[in-house]
Structure formats: C-alpha cells, structure tokens
$ cat model_10.cif   # mmCIF, C-alpha atoms
data_model
loop_
_atom_site.label_atom_id
_atom_site.label_comp_id
_atom_site.auth_asym_id
_atom_site.auth_seq_id
_atom_site.Cartn_x
_atom_site.Cartn_y
_atom_site.Cartn_z
CA MET A 1 -112.96 70.81 186.49
CA PRO A 2 -111.31 73.44 184.25
CA VAL A 3 -108.30 72.34 182.21
CA VAL A 4 -106.65 75.77 182.40
CA ARG A 5 -107.09 78.09 185.37
CA LEU A 6 -105.52 81.50 185.89
CA VAL A 7 -105.75 83.07 189.34
CA ASN A 8 -104.82 86.76 189.70
CA LEU A 9 -102.12 86.42 187.02
CA GLN A 10 -99.76 89.40 186.90
CA LYS A 11 -96.93 90.34 184.55
CA ARG A 12 -94.92 93.56 184.46
CA PHE A 13 -92.33 94.89 182.05
CA GLY A 14 -90.51 97.48 184.12
CA ALA A 15 -93.10 100.05 185.21
CA VAL A 16 -95.67 98.77 182.69
CA ILE A 17 -98.33 96.37 183.98
CA ALA A 18 -99.00 94.12 180.99
CA VAL A 19 -101.28 91.62 182.77
CA ASP A 20 -103.22 92.96 185.73
CA SER A 21 -104.74 90.33 188.04
CA VAL A 22 -106.29 88.19 185.29
CA SER A 23 -108.46 85.29 186.47
CA LEU A 24 -110.26 82.92 184.12
CA GLU A 25 -111.06 79.26 183.56
CA VAL A 26 -111.00 77.22 180.34
CA ALA A 27 -113.32 74.21 180.34
CA GLU A 28 -112.33 70.84 178.92
CA GLY A 29 -112.77 70.62 175.16
CA HIS A 30 -113.55 74.34 174.82
CA LEU A 31 -111.89 76.93 172.63
CA HIS A 32 -111.50 80.03 174.81
CA THR A 33 -110.47 83.26 173.08
CA LEU A 34 -108.63 86.23 174.55
CA LEU A 35 -109.91 89.18 172.51
CA GLY A 36 -108.75 92.77 172.58
CA PRO A 37 -106.79 95.52 170.83
CA SER A 38 -103.01 95.59 170.47
CA GLY A 39 -101.28 96.10 173.79
CA CYS A 40 -104.17 94.82 175.92
CA GLY A 41 -102.15 91.95 177.42
CA LYS A 42 -103.70 89.00 175.58
CA THR A 43 -100.51 87.69 173.97
CA THR A 44 -98.53 88.18 177.17
CA THR A 45 -101.17 86.16 179.02
CA LEU A 46 -100.86 83.38 176.42
CA ARG A 47 -97.06 83.42 176.67
CA CYS A 48 -97.30 83.11 180.45
CA ILE A 49 -99.51 80.02 180.03
CA ALA A 50 -96.98 78.60 177.56
CA GLY A 51 -94.08 79.27 179.92
CA LEU A 52 -92.42 81.70 177.50
CA GLU A 53 -92.87 84.56 179.98
CA ARG A 54 -92.26 84.42 183.73
CA PRO A 55 -95.28 85.84 185.62
CA ASP A 56 -94.73 88.21 188.55
CA GLY A 57 -97.73 87.07 190.55
CA GLY A 58 -100.74 84.77 190.71
CA GLU A 59 -101.02 81.16 189.60
CA ILE A 60 -101.30 79.15 186.38
CA VAL A 61 -102.86 75.69 186.77
CA ILE A 62 -103.15 73.18 183.91
CA GLY A 63 -105.15 70.09 184.77
CA SER A 64 -104.36 69.40 188.41
CA ARG A 65 -100.78 70.68 188.22
CA ILE A 66 -99.56 74.14 189.20
CA MET A 67 -97.35 75.37 186.35
CA ALA A 68 -96.47 78.78 187.75
CA ALA A 69 -96.80 80.33 191.20
CA PRO A 70 -94.07 82.95 191.72
CA GLY A 71 -95.05 83.46 195.34
CA ARG A 72 -94.18 79.81 196.04
CA GLY A 73 -91.19 79.58 193.73
CA ILE A 74 -92.95 77.29 191.21
CA LEU A 75 -92.13 77.65 187.52
CA VAL A 76 -92.44 74.58 185.28
CA PRO A 77 -90.44 74.91 182.02
CA PRO A 78 -92.37 75.11 178.72
CA GLU A 79 -91.36 71.65 177.48
CA GLN A 80 -92.80 70.02 180.59
CA ARG A 81 -96.27 71.63 180.39
CA GLY A 82 -97.79 69.30 177.78
CA LEU A 83 -98.82 72.18 175.52
CA GLY A 84 -98.84 72.77 171.78
CA MET A 85 -98.53 76.23 170.24
CA VAL A 86 -99.41 77.62 166.80
CA PHE A 87 -97.61 80.88 166.10
CA GLN A 88 -98.59 83.85 163.98
CA SER A 89 -95.48 83.42 161.80
CA TYR A 90 -96.02 79.63 161.27
CA ALA A 91 -92.35 78.98 162.31
CA LEU A 92 -91.81 76.23 159.72
CA TRP A 93 -88.38 74.92 158.80
CA PRO A 94 -87.86 76.08 155.18
CA HIS A 95 -85.45 73.22 154.36
CA LEU A 96 -87.85 70.51 155.56
CA THR A 97 -90.80 69.09 153.63
CA VAL A 98 -94.37 69.25 154.92
CA GLN A 99 -94.04 65.72 156.25
CA GLU A 100 -90.69 66.45 157.92
CA ASN A 101 -91.99 69.63 159.54
CA ILE A 102 -94.96 67.78 161.02
CA ALA A 103 -92.76 64.93 162.23
CA PHE A 104 -90.08 67.21 163.72
CA GLY A 105 -91.45 67.36 167.28
CA LEU A 106 -92.20 63.65 167.38
CA ARG A 107 -88.65 62.82 166.35
CA GLN A 108 -87.32 65.17 169.03
CA GLN A 109 -89.32 63.07 171.49
CA LYS A 110 -87.59 59.92 170.17
CA ARG A 111 -90.85 58.31 169.02
CA SER A 112 -90.61 55.12 167.02
CA ARG A 113 -90.64 55.34 163.23
CA ALA A 114 -93.98 53.51 163.07
CA GLU A 115 -95.59 55.89 165.57
CA VAL A 116 -94.24 58.96 163.76
CA GLU A 117 -95.58 57.75 160.42
CA ALA A 118 -98.98 56.89 161.92
CA ARG A 119 -99.43 60.25 163.64
CA VAL A 120 -98.21 62.25 160.64
CA SER A 121 -100.62 60.36 158.37
CA GLU A 122 -103.46 61.01 160.83
CA VAL A 123 -102.95 64.78 161.07
CA LEU A 124 -102.32 65.13 157.32
CA ALA A 125 -105.83 63.79 156.77
CA LEU A 126 -107.34 65.92 159.55
CA THR A 127 -105.85 69.14 158.20
CA GLN A 128 -106.50 68.36 154.51
CA LEU A 129 -102.80 68.22 153.64
CA ALA A 130 -102.68 64.69 152.21
CA GLY A 131 -100.82 64.75 148.90
CA LEU A 132 -98.58 67.68 149.90
CA GLU A 133 -96.17 65.66 152.05
CA ALA A 134 -93.15 66.08 149.78
CA ARG A 135 -93.52 69.81 149.20
CA TYR A 136 -91.50 72.51 150.95
CA PRO A 137 -93.10 75.51 152.75
CA SER A 138 -92.18 77.82 149.86
CA GLU A 139 -94.15 75.58 147.49
CA ILE A 140 -97.50 75.79 149.31
CA SER A 141 -99.96 78.61 150.04
CA GLY A 142 -100.21 80.65 153.22
CA GLY A 143 -103.31 78.76 154.30
CA GLN A 144 -101.58 75.43 153.71
CA GLN A 145 -98.54 76.61 155.69
CA GLN A 146 -100.83 77.46 158.58
CA ARG A 147 -102.33 73.98 158.39
CA VAL A 148 -98.83 72.51 158.56
CA ALA A 149 -98.10 74.53 161.70
CA LEU A 150 -101.36 73.28 163.21
CA ALA A 151 -100.71 69.68 162.15
CA ARG A 152 -97.25 69.80 163.74
CA SER A 153 -98.80 70.73 167.09
CA LEU A 154 -101.68 68.24 166.79
CA ALA A 155 -99.26 65.40 166.07
CA LEU A 156 -97.84 65.81 169.58
CA ARG A 157 -101.34 65.32 171.05
CA PRO A 158 -101.01 68.18 173.53
CA GLY A 159 -103.29 68.49 176.54
CA VAL A 160 -103.88 72.15 175.64
CA LEU A 161 -103.37 73.91 172.31
CA LEU A 162 -102.39 77.60 172.24
CA PHE A 163 -102.97 79.87 169.22
CA ASP A 164 -101.23 83.25 168.90
CA GLU A 165 -103.15 85.17 166.19
CA PRO A 166 -102.57 82.34 163.67
CA LEU A 167 -104.68 83.81 160.85
CA SER A 168 -103.52 87.43 160.88
CA ASN A 169 -101.03 86.92 158.01
CA LEU A 170 -103.68 85.57 155.63
CA ASP A 171 -105.76 87.58 153.17
CA ALA A 172 -109.38 88.32 154.09
CA LYS A 173 -111.04 85.57 152.05
CA LEU A 174 -108.60 82.87 153.12
CA ARG A 175 -108.87 84.03 156.73
CA GLU A 176 -112.63 83.60 156.56
CA SER A 177 -112.42 80.04 155.25
CA MET A 178 -109.69 79.11 157.75
CA ARG A 179 -111.88 80.30 160.64
CA LEU A 180 -114.53 77.78 159.66
CA GLU A 181 -111.94 75.02 159.18
CA LEU A 182 -110.44 75.68 162.61
CA ARG A 183 -113.86 75.64 164.23
CA GLU A 184 -114.84 72.35 162.62
CA LEU A 185 -111.50 70.79 163.55
CA GLN A 186 -111.94 71.97 167.13
CA ARG A 187 -115.40 70.42 167.31
CA THR A 188 -114.06 67.15 165.89
CA LEU A 189 -111.03 66.82 168.18
CA ARG A 190 -112.41 68.58 171.28
CA THR A 191 -108.90 69.77 172.12
CA THR A 192 -108.89 72.33 174.92
CA SER A 193 -107.58 75.53 173.33
CA VAL A 194 -106.68 79.11 174.21
CA TYR A 195 -106.79 81.44 171.21
CA VAL A 196 -105.56 85.03 170.93
CA THR A 197 -106.91 87.50 168.37
CA HIS A 198 -107.80 91.17 167.91
CA ASP A 199 -110.41 90.27 165.27
CA GLN A 200 -113.90 90.37 166.78
CA ILE A 201 -115.54 88.40 163.94
CA GLU A 202 -112.89 85.71 164.18
CA ALA A 203 -113.47 85.44 167.93
CA MET A 204 -117.24 85.16 167.56
CA VAL A 205 -117.01 82.51 164.83
CA ILE A 206 -114.56 80.11 166.46
CA SER A 207 -115.03 80.48 170.22
CA ASP A 208 -116.99 78.61 172.86
CA ARG A 209 -116.22 81.48 175.26
CA ILE A 210 -114.51 84.85 174.89
CA SER A 211 -112.68 87.01 177.42
CA VAL A 212 -112.50 90.65 176.33
CA MET A 213 -109.29 92.28 177.55
CA HIS A 214 -108.33 95.95 177.88
CA ARG A 215 -105.31 97.50 179.60
CA GLY A 216 -104.20 94.18 181.02
CA ARG A 217 -107.52 93.24 182.58
CA VAL A 218 -110.41 90.95 181.64
CA LEU A 219 -113.51 93.15 181.42
CA GLN A 220 -116.06 90.43 180.67
CA THR A 221 -116.20 86.74 179.81
CA GLY A 222 -119.05 84.93 178.09
CA THR A 223 -120.28 83.43 174.85
CA ALA A 224 -120.24 85.56 171.71
CA ARG A 225 -123.99 86.11 171.97
CA GLU A 226 -123.82 87.07 175.65
CA LEU A 227 -121.09 89.62 175.05
CA TYR A 228 -122.77 91.07 171.97
CA GLU A 229 -126.28 91.27 173.40
CA ARG A 230 -125.48 91.99 177.06
CA PRO A 231 -122.17 93.85 177.34
CA ALA A 232 -121.41 94.75 180.95
CA ASP A 233 -118.86 97.42 180.10
CA PRO A 234 -118.81 100.36 177.64
CA PHE A 235 -115.53 99.16 176.12
CA VAL A 236 -116.98 95.69 175.46
CA ALA A 237 -120.05 97.21 173.77
CA ASP A 238 -117.88 99.43 171.58
CA PHE A 239 -115.22 96.84 170.70
CA LEU A 240 -117.56 93.95 169.90
CA GLY A 241 -119.58 95.18 166.92
CA ALA A 242 -120.79 98.59 165.77
CA SER A 243 -123.14 100.59 167.93
CA ASN A 244 -124.75 103.99 168.47
CA PHE A 245 -124.01 105.34 171.95
CA LEU A 246 -125.99 107.87 173.95
CA ARG A 247 -125.33 108.93 177.52
CA GLY A 248 -128.35 109.32 179.74
CA ARG A 249 -129.81 109.11 183.21
CA VAL A 250 -132.47 106.83 184.64
CA ALA A 251 -135.66 108.64 185.66
CA ASP A 252 -139.09 107.14 186.40
CA GLY A 253 -138.25 103.83 184.78
CA ARG A 254 -136.99 105.34 181.54
CA ILE A 255 -133.80 106.90 180.28
CA LEU A 256 -133.48 110.60 179.56
CA ALA A 257 -130.73 110.68 176.95
CA GLU A 258 -128.72 113.34 175.18
CA GLY A 259 -130.54 115.39 172.58
CA GLY A 260 -133.82 115.26 174.52
CA LEU A 261 -134.51 111.62 173.61
CA THR A 262 -136.56 109.46 175.96
CA ILE A 263 -135.60 105.81 175.66
CA ALA A 264 -137.38 102.74 176.99
CA GLY A 265 -135.25 99.68 177.65
CA PRO A 266 -134.27 97.07 180.22
CA ILE A 267 -132.65 98.99 183.07
CA PRO A 268 -130.03 97.00 185.04
CA ASP A 269 -130.57 96.66 188.77
CA ASP A 270 -127.21 98.25 189.53
CA ALA A 271 -128.10 101.39 187.56
CA GLY A 272 -130.06 102.74 190.53
CA SER A 273 -133.15 104.94 190.37
CA ASP A 274 -131.21 107.97 189.15
CA GLY A 275 -128.00 106.45 187.77
CA GLU A 276 -125.92 107.57 184.83
CA VAL A 277 -125.97 105.03 182.01
CA LEU A 278 -124.73 104.46 178.48
CA VAL A 279 -127.33 103.38 175.94
CA SER A 280 -126.16 101.15 173.07
CA LEU A 281 -128.30 100.89 169.92
CA ARG A 282 -126.98 98.37 167.39
CA PRO A 283 -127.38 99.65 163.76
CA GLU A 284 -128.98 96.37 162.61
CA ARG A 285 -131.62 96.56 165.37
CA VAL A 286 -132.82 100.05 164.46
CA THR A 287 -135.40 100.25 161.67
CA LEU A 288 -135.80 103.23 159.35
CA HIS A 289 -139.24 104.42 158.13
CA SER A 290 -140.31 107.03 155.59
CA THR A 291 -143.47 107.74 157.61
CA ALA A 292 -144.03 107.69 161.36
CA PRO A 293 -144.72 104.11 162.51
CA ASP A 294 -147.52 103.38 164.96
CA VAL A 295 -145.38 102.33 167.95
CA PRO A 296 -145.65 103.35 171.61
CA THR A 297 -141.97 103.99 172.41
CA ASN A 298 -138.50 104.59 170.98
CA CYS A 299 -139.59 106.36 167.80
CA TRP A 300 -137.60 109.44 166.79
CA ARG A 301 -137.83 111.82 163.88
CA GLY A 302 -134.62 112.63 162.02
CA GLU A 303 -132.99 113.65 158.76
CA LEU A 304 -131.17 111.24 156.44
CA VAL A 305 -127.80 112.89 155.84
CA GLY A 306 -125.80 110.15 154.13
CA GLN A 307 -125.66 106.55 153.01
CA VAL A 308 -123.01 104.04 151.94
CA PHE A 309 -123.66 100.92 149.88
CA ALA A 310 -121.90 97.94 151.52
CA GLY A 311 -123.13 95.03 149.38
CA ASP A 312 -125.48 93.16 151.71
CA HIS A 313 -126.75 96.37 153.32
CA VAL A 314 -126.79 100.15 153.08
CA LEU A 315 -125.38 102.02 156.08
CA CYS A 316 -127.46 105.14 156.61
CA ARG A 317 -126.50 108.19 158.68
CA VAL A 318 -129.44 109.93 160.34
CA MET A 319 -129.33 113.09 162.46
CA VAL A 320 -131.59 112.73 165.51
CA GLY A 321 -131.62 115.22 168.37
CA GLY A 322 -128.23 116.60 167.36
CA HIS A 323 -126.66 113.14 167.19
CA GLU A 324 -125.69 111.11 164.15
CA MET A 325 -127.18 107.61 164.26
CA ARG A 326 -126.08 104.75 161.99
CA VAL A 327 -128.73 102.35 160.70
CA ARG A 328 -128.45 99.28 158.45
CA VAL A 329 -131.18 98.89 155.84
CA ASP A 330 -131.93 96.53 152.95
CA PRO A 331 -129.63 97.27 149.96
CA PHE A 332 -132.60 97.37 147.57
CA VAL A 333 -134.39 100.20 149.42
CA THR A 334 -134.20 103.51 147.52
CA LEU A 335 -133.50 106.48 149.80
CA GLU A 336 -132.89 110.17 149.24
CA ASN A 337 -130.56 112.26 151.37
CA GLY A 338 -132.11 115.29 153.08
CA LYS A 339 -135.49 113.61 153.60
CA THR A 340 -137.27 113.31 156.95
CA VAL A 341 -137.27 109.76 158.31
CA TRP A 342 -138.25 108.03 161.54
CA LEU A 343 -136.14 105.59 163.53
CA HIS A 344 -137.55 102.89 165.79
CA ILE A 345 -136.06 100.23 168.02
CA PRO A 346 -138.06 97.89 170.28
CA ALA A 347 -137.36 98.40 173.99
CA GLU A 348 -136.12 94.82 174.40
CA LYS A 349 -133.38 95.41 171.80
CA VAL A 350 -131.92 98.38 173.67
CA THR A 351 -128.77 97.73 175.73
CA VAL A 352 -128.29 99.83 178.87
CA ILE A 353 -124.89 99.84 180.61
CA PRO A 354 -124.32 101.44 184.04
CA LEU A 355 -121.40 103.86 183.88
CA GLU A 356 -120.52 103.85 187.56
CA SER A 357 -120.74 100.14 188.35
CA PRO A 358 -117.66 97.89 188.23
CA SER A 359 -117.13 95.72 185.15
CA LYS A 360 -118.28 92.10 185.44
CA THR A 361 -115.92 89.19 184.86
#
$ encode --input "model_10.cif" --output "structure tokens"
Amino acid sequence: MPVVRLVNLQKRFGAVIAVDSVSLEVAEGHLHTLLGPSGCGKTTTLRCIAGLERPDGGEIVIGSRIMAAPGRGILVPPEQRGLGMVFQSYALWPHLTVQENIAFGLRQQKRSRAEVEARVSEVLALTQLAGLEARYPSEISGGQQQRVALARSLALRPGVLLFDEPLSNLDAKLRESMRLELRELQRTLRTTSVYVTHDQIEAMVISDRISVMHRGRVLQTGTARELYERPADPFVADFLGASNFLRGRVADGRILAEGGLTIAGPIPDDAGSDGEVLVSLRPERVTLHSTAPDVPTNCWRGELVGQVFAGDHVLCRVMVGGHEMRVRVDPFVTLENGKTVWLHIPAEKVTVIPLESPSKT
C-alpha cells in the first residue's frame, strides 16, 4: 500500500494551470523525487501535499486517510497531516542555538523534557551535529545549517518527510557531499520522503523513483536507470542527461534519419511500421575511431570540428551528415581538429522514442 497517493491532482493560479491532473504513488520507505525545470509544477505539488496550497481538484491520500478532496469538501490542515518539511531556506531561528532549533517543534507539542532531550540527542548523532549544540545558526556552515533543518524535522518522527530543493543554496562541492549524506540517512531511517529538485544528478543519486514533470504534468515515472536508458518522451530524454537527437522514420525495420543516416536500434511497438520517431544517442555510448571499424551497423564517417577538455573526459564535436554530434572520449587520447573520424554506437545502445504516441506515466 502506498504511503502517499495523488489522484488527478489539480491546482490553478487564476488562468494558469500549475498542476494538471497529476497522479502518482510513493511507496513506504522510498524517496520519491519530483524533477523538472522551474515552473513545471513540482513545488506546487509538494505544497499541496503539505497542505500549504489548497488544490482545485483530485485527491491527496496519506496512509489510509484522505487529506484533500475538494470535490467532497475535505481539506485537512497542515499541522494534522503528520508531515515534516525541510525548506530551501532552512528557516532556522537565528536567536536559538542548534539544540533549541531542533527541540522547537517538540516543545510546541508539549513533549516532556526527558523525551525532548532524548530525541534531540538521537537526531544530533544521526545528522553528525553532536558537539555543535550550543552554537547559533550564524556560527555554523551552510551544510551544517541544512542538517539542523533536517534534524528538526526528524525529531518529530513524521510519517512522511517533504524536501523543497534543500541543497540549492549550497556550493557545488558541498551539495555533492550532502547528496550522499541524505541518501545514506534515508537508507538508514527508511522514512517515506517526497523530494523536489531541478538538478538531474541530484535526483539520480538520491532517489528510489523519479517523476519527471513538465508544464504541470508527470511525463514519466521510474528509477533513474529506467528514465535514463528508456525515456518514453522527448522532453525526458533531453532533460535527463546529454544526448544527440535525430528525427527519423521507421522503414523496413530500421530508421531513416536526417542527413541520410540509417540507424539500427530497438524500435518500440507503438512506433508503427512507418512512424515518425526521435533517435537519442548518448555521447558516452558513441565511440570515436581514427579508422573505420569493422562493424555491421551504425558506423558513420565525419569530421572532428572541435573538442573541450572536461577533466575526466574530452567532449568532441563531430559533423556527420550535416549534423553536429557530441562524443565523450578518454582525456588522454590525442586528437586533431579537421581530421576524418568514424563514429559507432551498438544498436542496443540506441534509444528510439515515438513522436506521435502519448507519454507514459
């Protein structure tokens, strides 16, 4: 039984449809991420779950209890939903110490002094804040402030924990380490969580499942690997990772693509025998050769027109059939612009997306 269930959730702001018939389920103990660009409706969806926004339609169910169903006049207030929330801005009291910030919610609930001290001590250890109890928010780092915000929510032992882009204010290196910390903490506690972010890497690192949102709708839900390797929608393929895209049409079991390229790959059943498709070729799956490789399919001659050193790889730009293709190669390979090269990708590593079929959710 899912812990959180959304059924045709809708939210409008005037004439703008912010959340358009969103349905999804969050399994017990899972961290489920809503991923998408700014304005896609992910934060509004989260705020509806939290009770901070009033939905215009659909249902929100947490556990076995309906929290919102506008059509039936049901709207449970935020404080009665048994949720915890970690905000982007941390929302810490500047005049309270770390210990006092963490204990704040428990004291509002009139918990006993012994219970407050026990829970605060427990979450201080979990979030690696032991020893910082007497410090004020201005005296600790951004990463430590985020841990305090998380500890404050965990101390309340919520049934569901909500995260609203909690790492976006941190610098890149700290954000990377905090992703791993959050993931390990999630695996330890098994707290059911809904997480909002626009950062694709963050979503792939921390999530059990991801729902990609665009223009208020969920385009596809799955694991990070499923979404990356088998995107069901052109937007999902483009948003989740870099890719080379070519439009084409299915003919005789192969794809006739732009620039006169013939591409072999797994053709979806709903593409039809003569359907228009979008071919996605991930840069890391394409190999570059200085001489023509002995392969039966998907080998194209091109010209190396540019390259950028990116530390762990070199990103090469190759003109093939009038199209610029991006390819990742080993950083120690010496290449010369203007030379003829050959590109190859195995058929099983090609992704083919029907352009006329509805997106899968």
$ closest_residue --input "model_10.cif" --among "A:Lys42, A:Arg285, A:Arg183, A:Arg209" --to "Pro346 (chain A)" --atoms "all atoms listed in the file"
A:Arg285
$ closest_residue --input "model_10.cif" --among "A:Arg328, A:Arg254, A:His289, A:Arg317" --to "Gly275 (chain A)" --atoms "all atoms listed in the file"
A:Arg254
$ atom_distance --input "model_10.cif" --atom1 "CA of Phe239 (chain A)" --atom2 "CA of Trp342 (chain A)"
27.2 Å
$ resolve_selection --input "model_10.cif" --expression "the PyMOL selection byres ((chain A and resi 170-175) around 10)" --output "PyMOL selection string"
chain A and resi 88+141-143+146+166-169+176-181+202
$ closest_residue --input "model_10.cif" --among "A:Phe87, A:Leu161, A:Arg135, A:Thr287" --to "Leu31 (chain A)" --atoms "all atoms listed in the file"
A:Leu161
$ residues_near_point --input "model_10.cif" --point "(-137.7, 101.7, 170.1)" --cutoff "7 Å" --atoms "only C-alpha atoms" --output "NGL selection string"
:A and (264 or 297-299 or 344-347)
$ atom_distance --input "model_10.cif" --atom1 "CA of Ile74 (chain A)" --atom2 "CA of Val19 (chain A)"
18.6 Å
$ atom_distance --input "model_10.cif" --atom1 "CA of Met204 (chain A)" --atom2 "CA of Ile60 (chain A)"
25.4 Å
$ resolve_selection --input "model_10.cif" --expression "the PyMOL selection byres ((chain A and resi 277) around 9)" --output "list of chain:residue names"
A:Leu246, A:Arg247, A:Gly248, A:Arg249, A:Val250, A:Ile255, A:Ala257, A:Ala271, A:Gly275, A:Glu276, A:Leu278, A:Val279, A:Val352, A:Ile353, A:Pro354, A:Leu355, A:Glu356
$ write_last_selection --input "model_10.cif" --atoms "C-alpha atoms" --output "PDB file, keeping the file's coordinate frame"
ATOM      1  CA  LEU A 246    -125.990 107.870 173.950  1.00  0.00           C
ATOM      2  CA  ARG A 247    -125.330 108.930 177.520  1.00  0.00           C
ATOM      3  CA  GLY A 248    -128.350 109.320 179.740  1.00  0.00           C
ATOM      4  CA  ARG A 249    -129.810 109.110 183.210  1.00  0.00           C
ATOM      5  CA  VAL A 250    -132.470 106.830 184.640  1.00  0.00           C
ATOM      6  CA  ILE A 255    -133.800 106.900 180.280  1.00  0.00           C
ATOM      7  CA  ALA A 257    -130.730 110.680 176.950  1.00  0.00           C
ATOM      8  CA  ALA A 271    -128.100 101.390 187.560  1.00  0.00           C
ATOM      9  CA  GLY A 275    -128.000 106.450 187.770  1.00  0.00           C
ATOM     10  CA  GLU A 276    -125.920 107.570 184.830  1.00  0.00           C
ATOM     11  CA  LEU A 278    -124.730 104.460 178.480  1.00  0.00           C
ATOM     12  CA  VAL A 279    -127.330 103.380 175.940  1.00  0.00           C
ATOM     13  CA  VAL A 352    -128.290  99.830 178.870  1.00  0.00           C
ATOM     14  CA  ILE A 353    -124.890  99.840 180.610  1.00  0.00           C
ATOM     15  CA  PRO A 354    -124.320 101.440 184.040  1.00  0.00           C
ATOM     16  CA  LEU A 355    -121.400 103.860 183.880  1.00  0.00           C
ATOM     17  CA  GLU A 356    -120.520 103.850 187.560  1.00  0.00           C
TER      18      GLU A 356
END
